[in-house]
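> After the structure tokens below, expect a handful of questions from me.
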Amino acid sequence: MTEAAVEDLHHYRNLSEFFRRKLKPQARPVCGLHCVTSPSDGKILTFGQVKNSEVEQVKGVTYSLESFLGPRANTEDLPFPPASSSDSFRNQLVTREGNELYHCVIYLAPGDYHCFHSPTDWTISHRRHFPGSLMSVNPGMARWIKELFCHNERVVLTGDWKHGFFSLTAVGATNVGSIRIHFDRDLHTNSPRYSKGSYNDLSFVTHANKEGIPMRKGEPLGEFNLGSTIVLIFEAPKDFNFRLKAGQKIRFGEALGSL
């Protein structure tokens, strides 16, 4: 509680408010030396290059990148080129020659700080919301249920950073379909009725705003109501290096990796 902007526990009307508590500005300094920082407090489950369009949810258990992000939409606002049937989904996301696709999975336990922030300087052009299940995403469950992250409710934000494609996905968990994105008032999660596999798209690129939503590293982005998972999938040059160990604890603003 010494990190909380309001230290008095009685200030919080319920557990949800407590989990989403704001921190004192000095509690989480954002690393200025590295180009990608942690968007949240949590535990690093997996990280590395994306191989064969499959991504690890925990060590040795994978899910399909296309199932997770959803099918490609051939609209002008999406930050990647039109699909080619001969390309793998991974290759369709990589927009620059010589780049690789990387991923990082961060698990937020119920006791962690539940707001999440921009992990880099980037522009968000598109949001895709998948209504879905709300199964536990703790590492024990993730080992048992293949494509767990593809079954659960999630909000996929996609856009561009200085090296190409960048995405951040907030994945719901047990009783935590309530995902809030600060600049997206049209987003309504945790609906009791949904069609399996359905999704809703929203473009932030309009006639009035041709760029999308610019985000600075460390800027508040959204929040969960209890515990959950954040998945980063992004393009970067081949010499990008993660500065992590699987299983380590991390805090918002600490370095994830750099060039």
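Chain labels run A, B, ... following the order of the structure tokens; each chain numbers its residues from 1, and ligands are numbered from 1 in the order shown.
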Could you name the residues that touch A:Glu223 at 10 Å or less, counting only C-alpha atoms, but leaving out those on the same chain fewer than 3 positions away, as a list in words?

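Residues near the query, excluding close chain neighbours: Phe19, Arg20, Arg21, Ser40, Tyr113, His114, Cys115, Phe116, His117, Ala170, Ser178, Ile179, Arg180, Ile181, His182, Pro220, Leu226, Gly227 and Ser228 of chain A.
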
> Can you tell me, as an mmCIF file with C-alpha atoms, in the first residue's frame, what residues are no more than 8 Å from A:Phe166 when counting only C-alpha atoms, ignoring any on the same chain fewer than 3 positions away?


```cif
data_model
loop_
_atom_site.group_PDB
_atom_site.id
_atom_site.type_symbol
_atom_site.label_atom_id
_atom_site.label_comp_id
_atom_site.auth_asym_id
_atom_site.auth_seq_id
_atom_site.Cartn_x
_atom_site.Cartn_y
_atom_site.Cartn_z
ATOM 1 C CA TRP A 122 3.659 3.575 -31.231
ATOM 2 C CA THR A 158 -2.695 -3.298 -33.506
ATOM 3 C CA GLY A 159 -0.628 -0.553 -35.031
ATOM 4 C CA ASP A 160 2.890 0.526 -35.924
ATOM 5 C CA TRP A 161 6.090 1.458 -34.143
ATOM 6 C CA LEU A 232 2.881 -8.463 -27.039
ATOM 7 C CA ILE A 233 3.487 -9.480 -30.669
ATOM 8 C CA PHE A 234 5.708 -7.172 -32.667
ATOM 9 C CA GLU A 235 8.132 -6.840 -35.532
#
```

> Got a sec: who's within 10 Å of A:Leu244, counting only C-alpha atoms, leaving out chain neighbours fewer than 2 positions off, as a list in words?

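The residues that qualify are Ile44, Thr46, Phe47, Gly48, Cys104, Asn241, Phe242, Ala246, Gly247, Gln248, Lys249, Ile250, Ala255, Leu256 and Gly257 of chain A.
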
> Let's have the selection written as a compact mmCIF listing (two decimals), in the first residue's frame, with N, CA, C and O atoms.


```txt
# COMPACT_ATOMS: atom_id res chain seq x y z
N ILE A 44 6.82 -13.09 -16.23
CA ILE A 44 7.12 -13.42 -17.62
C ILE A 44 6.91 -14.92 -17.82
O ILE A 44 7.58 -15.75 -17.21
N THR A 46 6.54 -16.53 -21.27
CA THR A 46 7.38 -16.91 -22.40
C THR A 46 7.75 -15.66 -23.19
O THR A 46 7.09 -14.62 -23.08
N PHE A 47 8.78 -15.78 -24.01
CA PHE A 47 9.19 -14.69 -24.90
C PHE A 47 10.11 -15.28 -25.95
O PHE A 47 10.65 -16.37 -25.79
N GLY A 48 10.28 -14.54 -27.05
CA GLY A 48 11.20 -14.98 -28.09
C GLY A 48 10.66 -14.71 -29.48
O GLY A 48 9.69 -13.99 -29.67
N CYS A 104 5.95 -11.76 -26.36
CA CYS A 104 6.22 -11.78 -24.92
C CYS A 104 4.89 -11.91 -24.20
O CYS A 104 3.94 -11.19 -24.52
N ASN A 241 17.04 -7.89 -28.76
CA ASN A 241 17.34 -8.83 -27.67
C ASN A 241 16.43 -8.59 -26.48
O ASN A 241 16.29 -7.47 -26.01
N PHE A 242 15.78 -9.68 -26.03
CA PHE A 242 15.03 -9.60 -24.77
C PHE A 242 16.02 -9.64 -23.61
O PHE A 242 17.01 -10.36 -23.65
N ALA A 246 12.54 -16.51 -18.32
CA ALA A 246 11.20 -17.07 -18.14
C ALA A 246 10.94 -17.31 -16.66
O ALA A 246 11.79 -17.83 -15.94
N GLY A 247 9.78 -16.88 -16.20
CA GLY A 247 9.41 -17.06 -14.80
C GLY A 247 9.74 -15.90 -13.89
O GLY A 247 9.31 -15.86 -12.74
N GLN A 248 10.50 -14.93 -14.40
CA GLN A 248 10.88 -13.81 -13.54
C GLN A 248 9.70 -12.87 -13.30
O GLN A 248 8.79 -12.76 -14.11
N LYS A 249 9.72 -12.20 -12.17
CA LYS A 249 8.75 -11.15 -11.89
C LYS A 249 9.24 -9.86 -12.55
O LYS A 249 10.44 -9.61 -12.64
N ILE A 250 8.29 -9.07 -13.00
CA ILE A 250 8.64 -7.81 -13.64
C ILE A 250 7.64 -6.76 -13.23
O ILE A 250 6.51 -7.08 -12.84
N ALA A 255 12.69 -2.79 -18.27
CA ALA A 255 13.07 -3.13 -19.64
C ALA A 255 12.61 -4.54 -20.01
O ALA A 255 12.77 -5.49 -19.23
N LEU A 256 12.04 -4.67 -21.23
CA LEU A 256 11.77 -5.98 -21.81
C LEU A 256 12.87 -6.34 -22.81
O LEU A 256 13.30 -7.49 -22.88
N GLY A 257 13.29 -5.37 -23.61
CA GLY A 257 14.32 -5.65 -24.59
C GLY A 257 14.71 -4.41 -25.37
O GLY A 257 14.12 -3.35 -25.23
```

> Using only C-alpha atoms, which protein or nucleic acid residues come within 12 Å of A:Thr2? Drop anything in the same chain fewer than 2 positions from it, and give the result as an MDAnalysis selection string.

chainID A and resid 4:9 21:24 26:27

> Select, from A:Lys162, A:Lys238, A:Lys217, A:Arg154, the residue with the minimum atom-to-atom distance to A:Asn200, counting only C-alpha atoms.

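So, comparing all the options, the nearest one is A:Arg154.
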
> Taking only C-alpha atoms into account, name the residue in A:Val155, A:Leu93, A:Ala173, A:Val205 that is nearest to A:Ser125.

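Under the stated criterion, the closest residue is A:Val205.
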
> Distance atom CA of A:Gly212-atom CA of A:Thr229, one decimal place?

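Answer for the atom CA of A:Gly212 to atom CA of A:Thr229 separation: 24.6 Å.
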
> My list of candidates is A:Gly70, A:Phe224, A:Thr95, A:Ala208. Which is closest to A:His151 when distances are computed with only C-alpha atoms?

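Among the listed residues, A:Gly70 lies closest to A:His151.
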
> Of the candidates A:Glu3, A:Asp186, A:Glu17, A:Glu211, which one gets nearest to A:Asn225 if we count only C-alpha atoms?

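Result for the nearest residue to A:Asn225: A:Glu17.
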